[in-house]
Structures are given as C-alpha cells and as structure tokens.
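Q: See start-v6.cif below, with mmCIF, C-alpha atoms.
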data_my_file
loop_
_atom_site.label_atom_id
_atom_site.label_comp_id
_atom_site.auth_asym_id
_atom_site.auth_seq_id
_atom_site.Cartn_x
_atom_site.Cartn_y
_atom_site.Cartn_z
CA MET A 20 28.98 -34.81 -9.05
CA ILE A 21 27.19 -31.54 -8.32
CA ASP A 22 28.96 -28.38 -9.45
CA SER A 23 28.80 -26.25 -6.30
CA ARG A 24 29.72 -23.08 -8.17
CA GLY A 25 27.01 -23.68 -10.77
CA THR A 26 24.48 -24.44 -8.06
CA ARG A 27 25.39 -21.23 -6.23
CA THR A 28 25.02 -19.18 -9.41
CA ALA A 29 21.66 -20.81 -10.19
CA LEU A 30 20.32 -20.12 -6.68
CA LEU A 31 21.54 -16.52 -6.71
CA THR A 32 19.94 -15.99 -10.11
CA ILE A 33 16.61 -17.42 -8.95
CA PHE A 34 16.60 -15.18 -5.87
CA ALA A 35 17.50 -12.13 -7.99
CA MET A 36 14.66 -12.74 -10.46
CA LEU A 37 12.22 -13.21 -7.56
CA ALA A 38 13.45 -9.91 -6.11
CA PHE A 39 12.96 -8.08 -9.42
CA ALA A 40 9.43 -9.47 -9.74
CA GLY A 41 8.87 -8.63 -6.08
CA ASN A 42 9.46 -4.96 -6.84
CA SER A 43 6.54 -4.98 -9.26
CA LEU A 44 4.27 -6.77 -6.79
CA LEU A 45 5.19 -4.57 -3.82
CA CYS A 46 4.77 -1.35 -5.80
CA ARG A 47 1.46 -2.44 -7.30
CA LEU A 48 0.19 -3.58 -3.89
CA ALA A 49 1.11 -0.27 -2.24
CA LEU A 50 -0.23 2.00 -4.99
CA GLY A 51 -3.16 -0.15 -6.09
CA GLN A 52 -4.63 -0.05 -2.59
CA ASP A 53 -3.87 3.66 -2.08
CA LEU A 54 -1.50 2.96 0.80
CA ILE A 55 1.02 5.57 -0.40
CA ASP A 56 1.39 8.00 -3.30
CA ALA A 57 3.82 7.30 -6.17
CA ALA A 58 6.28 10.09 -5.31
CA SER A 59 6.51 9.08 -1.66
CA PHE A 60 6.90 5.40 -2.57
CA THR A 61 9.80 6.33 -4.85
CA SER A 62 11.46 8.50 -2.19
CA VAL A 63 11.18 5.89 0.55
CA ARG A 64 12.31 3.11 -1.80
CA VAL A 65 15.42 5.01 -2.93
CA PHE A 66 16.27 6.21 0.59
CA ALA A 67 15.90 2.70 2.04
CA GLY A 68 18.09 1.28 -0.72
CA ALA A 69 20.70 4.01 -0.22
CA VAL A 70 20.89 3.36 3.53
CA THR A 71 21.12 -0.42 3.07
CA LEU A 72 23.88 -0.22 0.46
CA ALA A 73 25.76 2.52 2.36
CA VAL A 74 25.84 0.31 5.47
CA MET A 75 27.22 -2.55 3.37
CA MET A 76 29.90 -0.24 1.93
CA LEU A 77 30.80 1.42 5.26
CA PRO A 78 33.73 -0.92 6.11
CA ARG A 79 35.33 -0.19 2.72
CA TRP A 80 34.68 3.54 2.94
CA ARG A 81 36.31 3.65 6.36
CA ARG A 82 39.50 2.33 4.76
CA GLU A 83 39.41 4.45 1.61
CA SER A 84 37.47 7.29 0.04
CA PRO A 85 34.45 6.49 -2.16
CA GLY A 86 35.07 6.32 -5.89
CA PRO A 87 33.84 8.90 -8.42
CA VAL A 88 30.12 9.50 -8.83
CA ASN A 89 28.55 8.55 -12.16
CA TRP A 90 25.89 11.26 -12.31
CA PRO A 91 24.34 10.14 -15.64
CA ALA A 92 23.81 6.68 -14.11
CA ALA A 93 22.30 8.21 -10.95
CA VAL A 94 19.90 10.28 -13.06
CA MET A 95 18.88 7.20 -15.06
CA LEU A 96 18.27 5.33 -11.79
CA PHE A 97 16.02 8.17 -10.65
CA VAL A 98 14.10 8.23 -13.97
CA TYR A 99 13.60 4.46 -13.74
CA MET A 100 12.44 4.58 -10.12
CA ALA A 101 10.03 7.48 -10.68
CA GLY A 102 8.60 6.15 -13.95
CA PHE A 103 8.18 2.70 -12.38
CA SER A 104 6.18 4.01 -9.42
CA PHE A 105 3.96 6.42 -11.33
CA ALA A 106 3.21 3.76 -13.97
CA TYR A 107 2.04 1.25 -11.37
CA ARG A 108 -0.78 3.55 -10.34
CA SER A 109 -2.67 2.17 -13.32
CA LEU A 110 -0.86 -0.94 -14.62
CA THR A 111 -1.18 -4.49 -13.31
CA ALA A 112 1.97 -6.20 -12.02
CA GLY A 113 2.35 -8.49 -15.04
CA THR A 114 1.60 -5.87 -17.69
CA GLY A 115 3.95 -3.36 -16.06
CA ALA A 116 6.78 -5.89 -15.81
CA LEU A 117 6.32 -6.94 -19.44
CA ILE A 118 6.45 -3.35 -20.71
CA LEU A 119 9.40 -2.60 -18.42
CA PHE A 120 11.60 -5.54 -19.35
CA GLY A 121 10.52 -5.45 -22.99
CA ALA A 122 11.68 -1.82 -23.14
CA VAL A 123 14.90 -2.71 -21.29
CA GLN A 124 15.83 -5.44 -23.73
CA LEU A 125 14.84 -3.45 -26.81
CA THR A 126 16.91 -0.50 -25.55
CA MET A 127 19.96 -2.72 -25.13
CA ILE A 128 19.37 -4.25 -28.57
CA ALA A 129 19.13 -0.74 -30.06
CA PHE A 130 22.48 0.17 -28.53
CA ALA A 131 23.96 -3.03 -29.99
CA LEU A 132 22.71 -1.95 -33.43
CA ARG A 133 24.12 1.53 -32.88
CA ALA A 134 27.46 -0.06 -32.09
CA SER A 135 27.33 -1.65 -35.57
CA GLU A 136 26.62 -5.16 -34.31
CA ARG A 137 25.35 -7.27 -37.22
CA PHE A 138 22.02 -9.04 -36.91
CA SER A 139 21.04 -12.18 -38.80
CA MET A 140 17.62 -12.66 -40.37
CA GLN A 141 16.60 -14.46 -37.17
CA GLY A 142 17.67 -11.44 -35.14
CA TRP A 143 15.70 -8.97 -37.27
CA THR A 144 12.67 -11.27 -37.21
CA GLY A 145 12.87 -11.55 -33.44
CA LEU A 146 13.12 -7.78 -33.07
CA ALA A 147 10.04 -7.31 -35.28
CA VAL A 148 8.06 -9.90 -33.31
CA ALA A 149 9.03 -8.31 -29.98
CA LEU A 150 8.02 -4.84 -31.17
CA ALA A 151 4.75 -6.20 -32.52
CA GLY A 152 4.01 -7.88 -29.19
CA LEU A 153 4.55 -4.67 -27.25
CA ALA A 154 2.62 -2.62 -29.81
CA TRP A 155 -0.36 -4.97 -29.59
CA LEU A 156 -0.29 -4.96 -25.80
CA VAL A 157 -0.63 -1.18 -25.61
CA ALA A 158 -2.94 -0.78 -28.64
CA PRO A 159 -6.40 0.64 -27.90
CA GLY A 160 -8.96 -1.93 -26.85
CA VAL A 161 -11.04 -3.23 -23.97
CA THR A 162 -8.08 -4.91 -22.26
CA ALA A 163 -5.38 -2.44 -23.29
CA PRO A 164 -3.35 -0.95 -20.41
CA ASP A 165 -3.66 2.71 -19.48
CA THR A 166 -1.84 4.78 -22.11
CA VAL A 167 -0.14 7.17 -19.68
CA GLY A 168 0.95 4.29 -17.46
CA ALA A 169 2.34 2.39 -20.46
CA ILE A 170 4.33 5.45 -21.57
CA GLN A 171 5.68 5.99 -18.05
CA MET A 172 6.77 2.35 -17.77
CA THR A 173 8.36 2.47 -21.23
CA VAL A 174 10.41 5.50 -20.14
CA ALA A 175 11.36 3.61 -16.97
CA GLY A 176 12.48 0.62 -19.05
CA ILE A 177 14.58 2.76 -21.38
CA ALA A 178 16.19 4.43 -18.36
CA TRP A 179 16.96 1.06 -16.73
CA GLY A 180 18.43 -0.22 -19.99
CA ILE A 181 20.74 2.81 -20.24
CA TYR A 182 21.59 2.48 -16.55
CA SER A 183 22.55 -1.17 -17.08
CA LEU A 184 24.67 -0.32 -20.12
CA ARG A 185 26.51 2.42 -18.21
CA GLY A 186 27.21 -0.01 -15.39
CA ARG A 187 29.15 -2.44 -17.59
CA ASN A 188 32.39 -0.52 -17.01
CA SER A 189 32.00 -0.34 -13.24
CA HIS A 190 35.02 -1.72 -11.38
CA HIS A 191 33.10 -2.18 -8.13
CA ALA A 192 29.42 -2.86 -8.77
CA LEU A 193 28.27 -2.64 -5.15
CA GLU A 194 30.00 0.70 -4.55
CA SER A 195 28.74 2.13 -7.83
CA THR A 196 25.18 1.08 -7.01
CA ALA A 197 25.41 2.51 -3.51
CA LEU A 198 26.68 5.86 -4.84
CA ASN A 199 23.96 5.93 -7.49
CA PHE A 200 21.26 5.36 -4.87
CA ILE A 201 22.72 8.02 -2.58
CA CYS A 202 22.93 10.58 -5.41
CA ALA A 203 19.36 9.79 -6.46
CA VAL A 204 18.01 10.68 -2.99
CA PRO A 205 17.91 14.49 -3.59
CA LEU A 206 16.18 13.92 -6.93
CA VAL A 207 13.37 11.81 -5.47
CA LEU A 208 12.94 14.18 -2.54
CA ALA A 209 12.56 17.07 -4.99
CA THR A 210 9.92 15.04 -6.83
CA SER A 211 8.05 14.47 -3.57
CA LEU A 212 8.04 18.23 -2.95
CA ILE A 213 6.55 18.83 -6.40
CA PHE A 214 3.73 16.38 -5.64
CA ILE A 215 3.37 17.30 -1.97
CA ASP A 216 -0.31 18.21 -2.43
CA ALA A 217 -1.02 14.59 -3.38
CA MET A 218 1.05 13.16 -0.52
CA LEU A 219 -0.36 10.01 1.07
CA ALA A 220 1.69 7.75 3.32
CA THR A 221 0.19 5.10 5.57
CA PRO A 222 2.42 2.90 7.78
CA ALA A 223 1.64 -0.08 5.54
CA GLY A 224 2.59 1.84 2.39
CA ILE A 225 5.83 3.07 3.92
CA GLY A 226 6.63 -0.47 5.04
CA LEU A 227 6.12 -1.86 1.53
CA ALA A 228 8.36 0.88 0.09
CA VAL A 229 11.08 0.12 2.66
CA VAL A 230 10.97 -3.59 1.80
CA SER A 231 11.13 -2.74 -1.90
CA GLY A 232 14.08 -0.40 -1.42
CA ALA A 233 16.13 -2.30 1.15
CA ILE A 234 15.47 -5.91 0.13
CA THR A 235 14.09 -6.42 -3.37
CA SER A 236 16.03 -3.44 -4.76
CA GLY A 237 19.14 -2.95 -2.61
CA LEU A 238 19.88 -6.56 -1.63
CA GLY A 239 18.30 -7.84 -4.85
CA TYR A 240 20.82 -5.90 -6.92
CA VAL A 241 23.66 -7.16 -4.74
CA ILE A 242 22.51 -10.76 -5.25
CA TRP A 243 22.27 -10.16 -8.99
CA TYR A 244 25.79 -8.75 -9.14
CA ALA A 245 27.00 -11.80 -7.21
CA ALA A 246 25.37 -14.09 -9.79
CA LEU A 247 26.64 -12.24 -12.88
CA PRO A 248 30.26 -13.53 -12.79
CA GLY A 249 28.94 -17.07 -13.23
CA LEU A 250 26.59 -16.22 -16.11
CA PRO A 251 27.47 -15.67 -19.76
CA ALA A 252 26.32 -12.24 -20.91
CA THR A 253 23.58 -13.61 -23.17
CA THR A 254 22.28 -15.93 -20.46
CA ALA A 255 22.16 -12.98 -18.05
CA SER A 256 19.97 -11.14 -20.54
CA ILE A 257 17.68 -14.05 -21.34
CA VAL A 258 17.06 -15.02 -17.71
CA GLN A 259 15.59 -11.58 -16.97
CA LEU A 260 12.78 -12.40 -19.36
CA THR A 261 11.34 -14.64 -16.63
CA VAL A 262 10.53 -11.60 -14.48
CA PRO A 263 7.33 -10.54 -16.30
CA VAL A 264 6.03 -14.11 -16.11
CA ILE A 265 6.75 -14.32 -12.36
CA ALA A 266 5.18 -10.90 -11.79
CA ALA A 267 2.10 -11.78 -13.84
CA PHE A 268 1.42 -15.01 -11.97
CA GLY A 269 2.23 -13.29 -8.66
CA GLY A 270 -0.30 -10.59 -9.49
CA VAL A 271 -2.95 -13.21 -10.22
CA ALA A 272 -2.16 -15.20 -7.07
CA TRP A 273 -1.71 -12.40 -4.53
CA LEU A 274 -3.27 -9.26 -5.98
CA ALA A 275 -6.35 -10.84 -7.61
CA GLU A 276 -5.37 -9.43 -11.01
CA ASP A 277 -6.68 -10.87 -14.27
CA MET A 278 -4.53 -12.87 -16.67
CA THR A 279 -6.00 -11.51 -19.90
CA PRO A 280 -5.59 -13.28 -23.26
CA ARG A 281 -3.95 -10.10 -24.61
CA LEU A 282 -1.30 -10.19 -21.87
CA VAL A 283 -0.60 -13.89 -22.48
CA VAL A 284 -0.22 -13.52 -26.26
CA ALA A 285 1.76 -10.26 -25.97
CA SER A 286 4.07 -11.89 -23.41
CA ILE A 287 4.76 -14.84 -25.71
CA ALA A 288 5.42 -12.54 -28.68
CA THR A 289 7.56 -9.97 -26.86
CA LEU A 290 9.63 -12.37 -24.79
CA GLY A 291 9.89 -14.89 -27.62
CA GLY A 292 11.05 -12.20 -30.04
CA VAL A 293 13.71 -10.92 -27.66
CA TRP A 294 14.84 -14.51 -27.05
CA MET A 295 15.27 -14.96 -30.82
CA VAL A 296 17.53 -11.89 -30.93
CA LEU A 297 19.58 -12.95 -27.95
CA SER A 298 19.92 -16.57 -29.09
CA GLN A 299 21.28 -15.54 -32.50
CA ARG A 300 23.80 -13.31 -30.72
CA ARG A 301 24.84 -16.28 -28.58
CA LYS A 302 25.41 -18.42 -31.67
CA LYS A 303 27.81 -15.79 -33.00
CA ASN A 304 29.84 -15.58 -29.75
#
Translate this structure into structure tokens?

A:
Amino acid sequence: MIDSRGTRTALLTIFAMLAFAGNSLLCRLALGQDLIDAASFTSVRVFAGAVTLAVMMLPRWRRESPGPVNWPAAVMLFVYMAGFSFAYRSLTAGTGALILFGAVQLTMIAFALRASERFSMQGWTGLAVALAGLAWLVAPGVTAPDTVGAIQMTVAGIAWGIYSLRGRNSHHALESTALNFICAVPLVLATSLIFIDAMLATPAGIGLAVVSGAITSGLGYVIWYAALPGLPATTASIVQLTVPVIAAFGGVAWLAEDMTPRLVVASIATLGGVWMVLSQRRKKN
C-alpha cells in the first residue's frame, strides 16, 4: 500500500530541490550572457518574490495584522541574494551551488558546535573532509574558480545558513518569508542605486529574474516549507546536498559548462564529508 503522505512529501521535496538548483541556473544564464547586471537581477528577484508571497498572504493579512518583522533575518536574506548574484558573474552553476551549499551546511554545523553539540570521530572526520574539499576547489590552479566570486558565494552561503537557523523559531513560515522579502526590497534597491552606472537590463534578463524570484525562490520556498513537516531534521539537511549535483549537470546540459575533474572530486569530498557529519548526528537522535 502506497503511503500517500510519504509520496506527497517526496514529490514536494523533489520539486523544492529542483527549484533551488533552478535559481543557480537562471542566475548564471542571465548574468553569464550579459542579459542583466547583478544588482538589477537581485532587485527584480527580491521584488518578484515579495509580490508573489504578499499576494499569497493577502487573505490572512485582511483578517489580521502582519506579525513582527525579523530584521536580522531580512538582512541575511539580502546578503544571501546579493552575494549569490554577484558571485554568478564569474562562477559556473555547479561550482557556485557547491560553494553555496557547502558554506550553508558548514555554517549550520559550526552553530551546532557553538551550542556545545558533541561530535564523534566520524563527525570530526567528515567536517575535515568537507573543508578540504572546499579548500581544494577554490585553491589556485588552472580550473580553480574566480577568487572574488568564490568569496562572494561563501558569504552568501553563510548568510543563508544564518537565515535558515533564525527561521527555526518562526510560527508561520510563509508569513515570515513574505515579510523578510518585503523588508529586503529597500536594501536591494539601494544596492541598485550604488551600481546604477553598471545598470544593464534586457527584457530577457528581467524575465529570468522574475521567474527566479516568483517561482524558484518565492514558490520554491513555499514548497520546501510544505515538505519540511514530513521530513526529519537530518534528512532535510542531507537532501539539500543534491542541489549542487543537479545544478552542475543542469549547467552542463543547458549552459554548455564544463564538468571539470576538480569540481567532481571536490563535490564528492565536500558533500560526502557533510553527509558523514549529518549521519553521525542522526545516529545520536
């Protein structure tokens, strides 16, 4: 007999991971082909996500006032969005996603250590392997990613990790996300003003940013929140490690990007190391 609830959770999770990988592909496609500048892509993406989520929340907000604004979370969302876009001016879809989600997971692991969570030898070994994989990926060499882009994506990953941690105490995930997007709008618009001399926005670039903001970000986050109640916490963490792989193969298939040996080995090391950490935490729970 098929477990309908389990099937629903599995399908929602698959769609959410495809949406997350889609963000990398859409951003890289828009910026890699000079269809829009990074600041404008960020502004349009955040604005489109804010409008989409606000429309979804409108029936509730007509009945009652919006909840309190979590400004630190909104700022972290802005840092993630901006770092993400600027990094993809020089990184491939797969490399960017690996650095992003590697930094996300390592940030969350660091907070677990700070909270005095005990790690086994397997956990420490996994952490060392993951760090080594990321370090080798960004080390100087013929196939190393752009240094500035790697730093920008690392900052974006740290910001997303903190944003995710701050969202654990949210009583209404959709409303919190909508408010965070809305509060991030002035921040991204200010960034666009700073880089106004480099402004470039073609209809195609704007369209890709709208799709990224409204669908793969706004609706993607909603789908993910719908899947989370049916996923154990560790499983929810581990499943996100599929995103860099999806993005890498998507970049090869649709953006004609190279699958370098360094990316393959670094992916195995980084994602495998994080999996070792998360699996030892699951054994303890």

Q: Could you pull the residues within 10 Å of Gly180 in chain A, counting all atoms listed in the file, minus those fewer than 2 positions along the same chain, as an MDAnalysis selection string?

A: chainID A and resid 95:96 99 119:128 130 174:178 182:186

Q: Please dump the current selection as a short mmCIF file (atom, residue, chain, number, x, y, z; two decimals), in the coordinates of the input; keep C-alpha atoms.

A:
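File written: out.cif
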data_model
loop_
_atom_site.label_atom_id
_atom_site.label_comp_id
_atom_site.auth_asym_id
_atom_site.auth_seq_id
_atom_site.Cartn_x
_atom_site.Cartn_y
_atom_site.Cartn_z
CA MET A 95 18.88 7.20 -15.06
CA LEU A 96 18.27 5.33 -11.79
CA TYR A 99 13.60 4.46 -13.74
CA LEU A 119 9.40 -2.60 -18.42
CA PHE A 120 11.60 -5.54 -19.35
CA GLY A 121 10.52 -5.45 -22.99
CA ALA A 122 11.68 -1.82 -23.14
CA VAL A 123 14.90 -2.71 -21.29
CA GLN A 124 15.83 -5.44 -23.73
CA LEU A 125 14.84 -3.45 -26.81
CA THR A 126 16.91 -0.50 -25.55
CA MET A 127 19.96 -2.72 -25.13
CA ILE A 128 19.37 -4.25 -28.57
CA PHE A 130 22.48 0.17 -28.53
CA VAL A 174 10.41 5.50 -20.14
CA ALA A 175 11.36 3.61 -16.97
CA GLY A 176 12.48 0.62 -19.05
CA ILE A 177 14.58 2.76 -21.38
CA ALA A 178 16.19 4.43 -18.36
CA TYR A 182 21.59 2.48 -16.55
CA SER A 183 22.55 -1.17 -17.08
CA LEU A 184 24.67 -0.32 -20.12
CA ARG A 185 26.51 2.42 -18.21
CA GLY A 186 27.21 -0.01 -15.39
#

Q: Please write the residues picked by the PyMOL selection byres ((chain A and resi 286) around 10) on this file as a PDB file with C-alpha atoms, keeping the file's coordinate frame.

A:
ATOM      1  CA  GLY A 113       2.350  -8.490 -15.040  1.00  0.00           C
ATOM      2  CA  THR A 114       1.600  -5.870 -17.690  1.00  0.00           C
ATOM      3  CA  LEU A 117       6.320  -6.940 -19.440  1.00  0.00           C
ATOM      4  CA  ILE A 118       6.450  -3.350 -20.710  1.00  0.00           C
ATOM      5  CA  GLY A 121      10.520  -5.450 -22.990  1.00  0.00           C
ATOM      6  CA  ALA A 149       9.030  -8.310 -29.980  1.00  0.00           C
ATOM      7  CA  GLY A 152       4.010  -7.880 -29.190  1.00  0.00           C
ATOM      8  CA  LEU A 153       4.550  -4.670 -27.250  1.00  0.00           C
ATOM      9  CA  LEU A 156      -0.290  -4.960 -25.800  1.00  0.00           C
ATOM     10  CA  LEU A 260      12.780 -12.400 -19.360  1.00  0.00           C
ATOM     11  CA  PRO A 263       7.330 -10.540 -16.300  1.00  0.00           C
ATOM     12  CA  VAL A 264       6.030 -14.110 -16.110  1.00  0.00           C
ATOM     13  CA  ALA A 267       2.100 -11.780 -13.840  1.00  0.00           C
ATOM     14  CA  PRO A 280      -5.590 -13.280 -23.260  1.00  0.00           C
ATOM     15  CA  ARG A 281      -3.950 -10.100 -24.610  1.00  0.00           C
ATOM     16  CA  LEU A 282      -1.300 -10.190 -21.870  1.00  0.00           C
ATOM     17  CA  VAL A 283      -0.600 -13.890 -22.480  1.00  0.00           C
ATOM     18  CA  VAL A 284      -0.220 -13.520 -26.260  1.00  0.00           C
ATOM     19  CA  ALA A 285       1.760 -10.260 -25.970  1.00  0.00           C
ATOM     20  CA  ILE A 287       4.760 -14.840 -25.710  1.00  0.00           C
ATOM     21  CA  ALA A 288       5.420 -12.540 -28.680  1.00  0.00           C
ATOM     22  CA  THR A 289       7.560  -9.970 -26.860  1.00  0.00           C
ATOM     23  CA  LEU A 290       9.630 -12.370 -24.790  1.00  0.00           C
ATOM     24  CA  GLY A 291       9.890 -14.890 -27.620  1.00  0.00           C
ATOM     25  CA  GLY A 292      11.050 -12.200 -30.040  1.00  0.00           C
TER      26      GLY A 292
END

Q: Let me make sure I understand: among A:Cys202, A:Ala92, A:Met100, A:Ala220, which one has the smallest atom-to-atom distance to Gln171 in chain A if we use all atoms listed in the file?

A: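 Among A:Cys202, A:Ala92, A:Met100, A:Ala220, it is A:Met100 that comes nearest to Gln171 in chain A.
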
Q: Please list as a list of chain:residue names every residue within 7 Å of Gly270 in chain A, counting only C-alpha atoms and excluding residues in the same chain fewer than 6 positions away.

A: A:Leu44, A:Ala112, A:Gly113, A:Glu276

Q: Write out, as a PDB file, in the coordinates of the input, the residues just selected, with C-alpha atoms.

A:
ATOM      1  CA  LEU A  44       4.270  -6.770  -6.790  1.00  0.00           C
ATOM      2  CA  ALA A 112       1.970  -6.200 -12.020  1.00  0.00           C
ATOM      3  CA  GLY A 113       2.350  -8.490 -15.040  1.00  0.00           C
ATOM      4  CA  GLU A 276      -5.370  -9.430 -11.010  1.00  0.00           C
TER       5      GLU A 276
END

Q: List, as a ChimeraX atom specification, every residue that the PyMOL selection byres ((chain A and resi 240) around 12) selects in the file provided.

A: /A:31-32,34-39,42,68-69,71-72,183,192-197,200,231-239,241-247

Q: Enter the distance from CA of Asp53 in chain A to CA of Phe214 in chain A, in Å, rounded to one decimal.

A: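 That distance, rounded to one decimal, is 15.2 Å.
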
Q: Could you check the closest approach to Phe103 in chain A for each of A:Met172, A:Leu45, A:Val157, A:Leu250 and tell me which residue wins, using only C-alpha atoms?

A: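 Answer, going by the shortest atom-to-atom distance: A:Met172.
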
Q: Can you measure CA of Val167 in chain A to CA of Ala106 in chain A for me? One decimal in Å is fine.

A: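 Taking CA of Val167 in chain A as the start and CA of Ala106 in chain A as the end point, the length is 7.4 Å.
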
Q: Between A:Val262, A:Ile170, A:Ile201, A:Ala49, single out the one closest to Met76 in chain A, counting all atoms listed in the file.

A: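 The closest residue to Met76 in chain A is A:Ile201.
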
Q: CA of Gly145 in chain A and CA of Trp179 in chain A, how far apart in Å?

A: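 Computing the Euclidean distance for CA of Trp179 in chain A and CA of Gly145 in chain A yields 21.3 Å.
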
Q: Counting only C-alpha atoms, which residue out of A:Asn199, A:Ser139, A:Thr173, A:Thr111 sits closest to Met278 in chain A?

A: A:Thr111

Q: Given the file above and the PyMOL selection byres ((chain A and resi 207) around 10), which residues are selected, and can you give them as an mmCIF file with C-alpha atoms, keeping the file's coordinate frame?

A:
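Okay, this is what ended up in out-v2.cif:
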data_model
loop_
_atom_site.group_PDB
_atom_site.id
_atom_site.type_symbol
_atom_site.label_atom_id
_atom_site.label_comp_id
_atom_site.auth_asym_id
_atom_site.auth_seq_id
_atom_site.Cartn_x
_atom_site.Cartn_y
_atom_site.Cartn_z
ATOM 1 C CA ALA A 58 6.280 10.090 -5.310
ATOM 2 C CA SER A 59 6.510 9.080 -1.660
ATOM 3 C CA PHE A 60 6.900 5.400 -2.570
ATOM 4 C CA THR A 61 9.800 6.330 -4.850
ATOM 5 C CA SER A 62 11.460 8.500 -2.190
ATOM 6 C CA VAL A 63 11.180 5.890 0.550
ATOM 7 C CA ARG A 64 12.310 3.110 -1.800
ATOM 8 C CA VAL A 65 15.420 5.010 -2.930
ATOM 9 C CA PHE A 66 16.270 6.210 0.590
ATOM 10 C CA PHE A 97 16.020 8.170 -10.650
ATOM 11 C CA VAL A 98 14.100 8.230 -13.970
ATOM 12 C CA MET A 100 12.440 4.580 -10.120
ATOM 13 C CA ALA A 101 10.030 7.480 -10.680
ATOM 14 C CA CYS A 202 22.930 10.580 -5.410
ATOM 15 C CA ALA A 203 19.360 9.790 -6.460
ATOM 16 C CA VAL A 204 18.010 10.680 -2.990
ATOM 17 C CA PRO A 205 17.910 14.490 -3.590
ATOM 18 C CA LEU A 206 16.180 13.920 -6.930
ATOM 19 C CA LEU A 208 12.940 14.180 -2.540
ATOM 20 C CA ALA A 209 12.560 17.070 -4.990
ATOM 21 C CA THR A 210 9.920 15.040 -6.830
ATOM 22 C CA SER A 211 8.050 14.470 -3.570
ATOM 23 C CA LEU A 212 8.040 18.230 -2.950
ATOM 24 C CA ILE A 213 6.550 18.830 -6.400
#
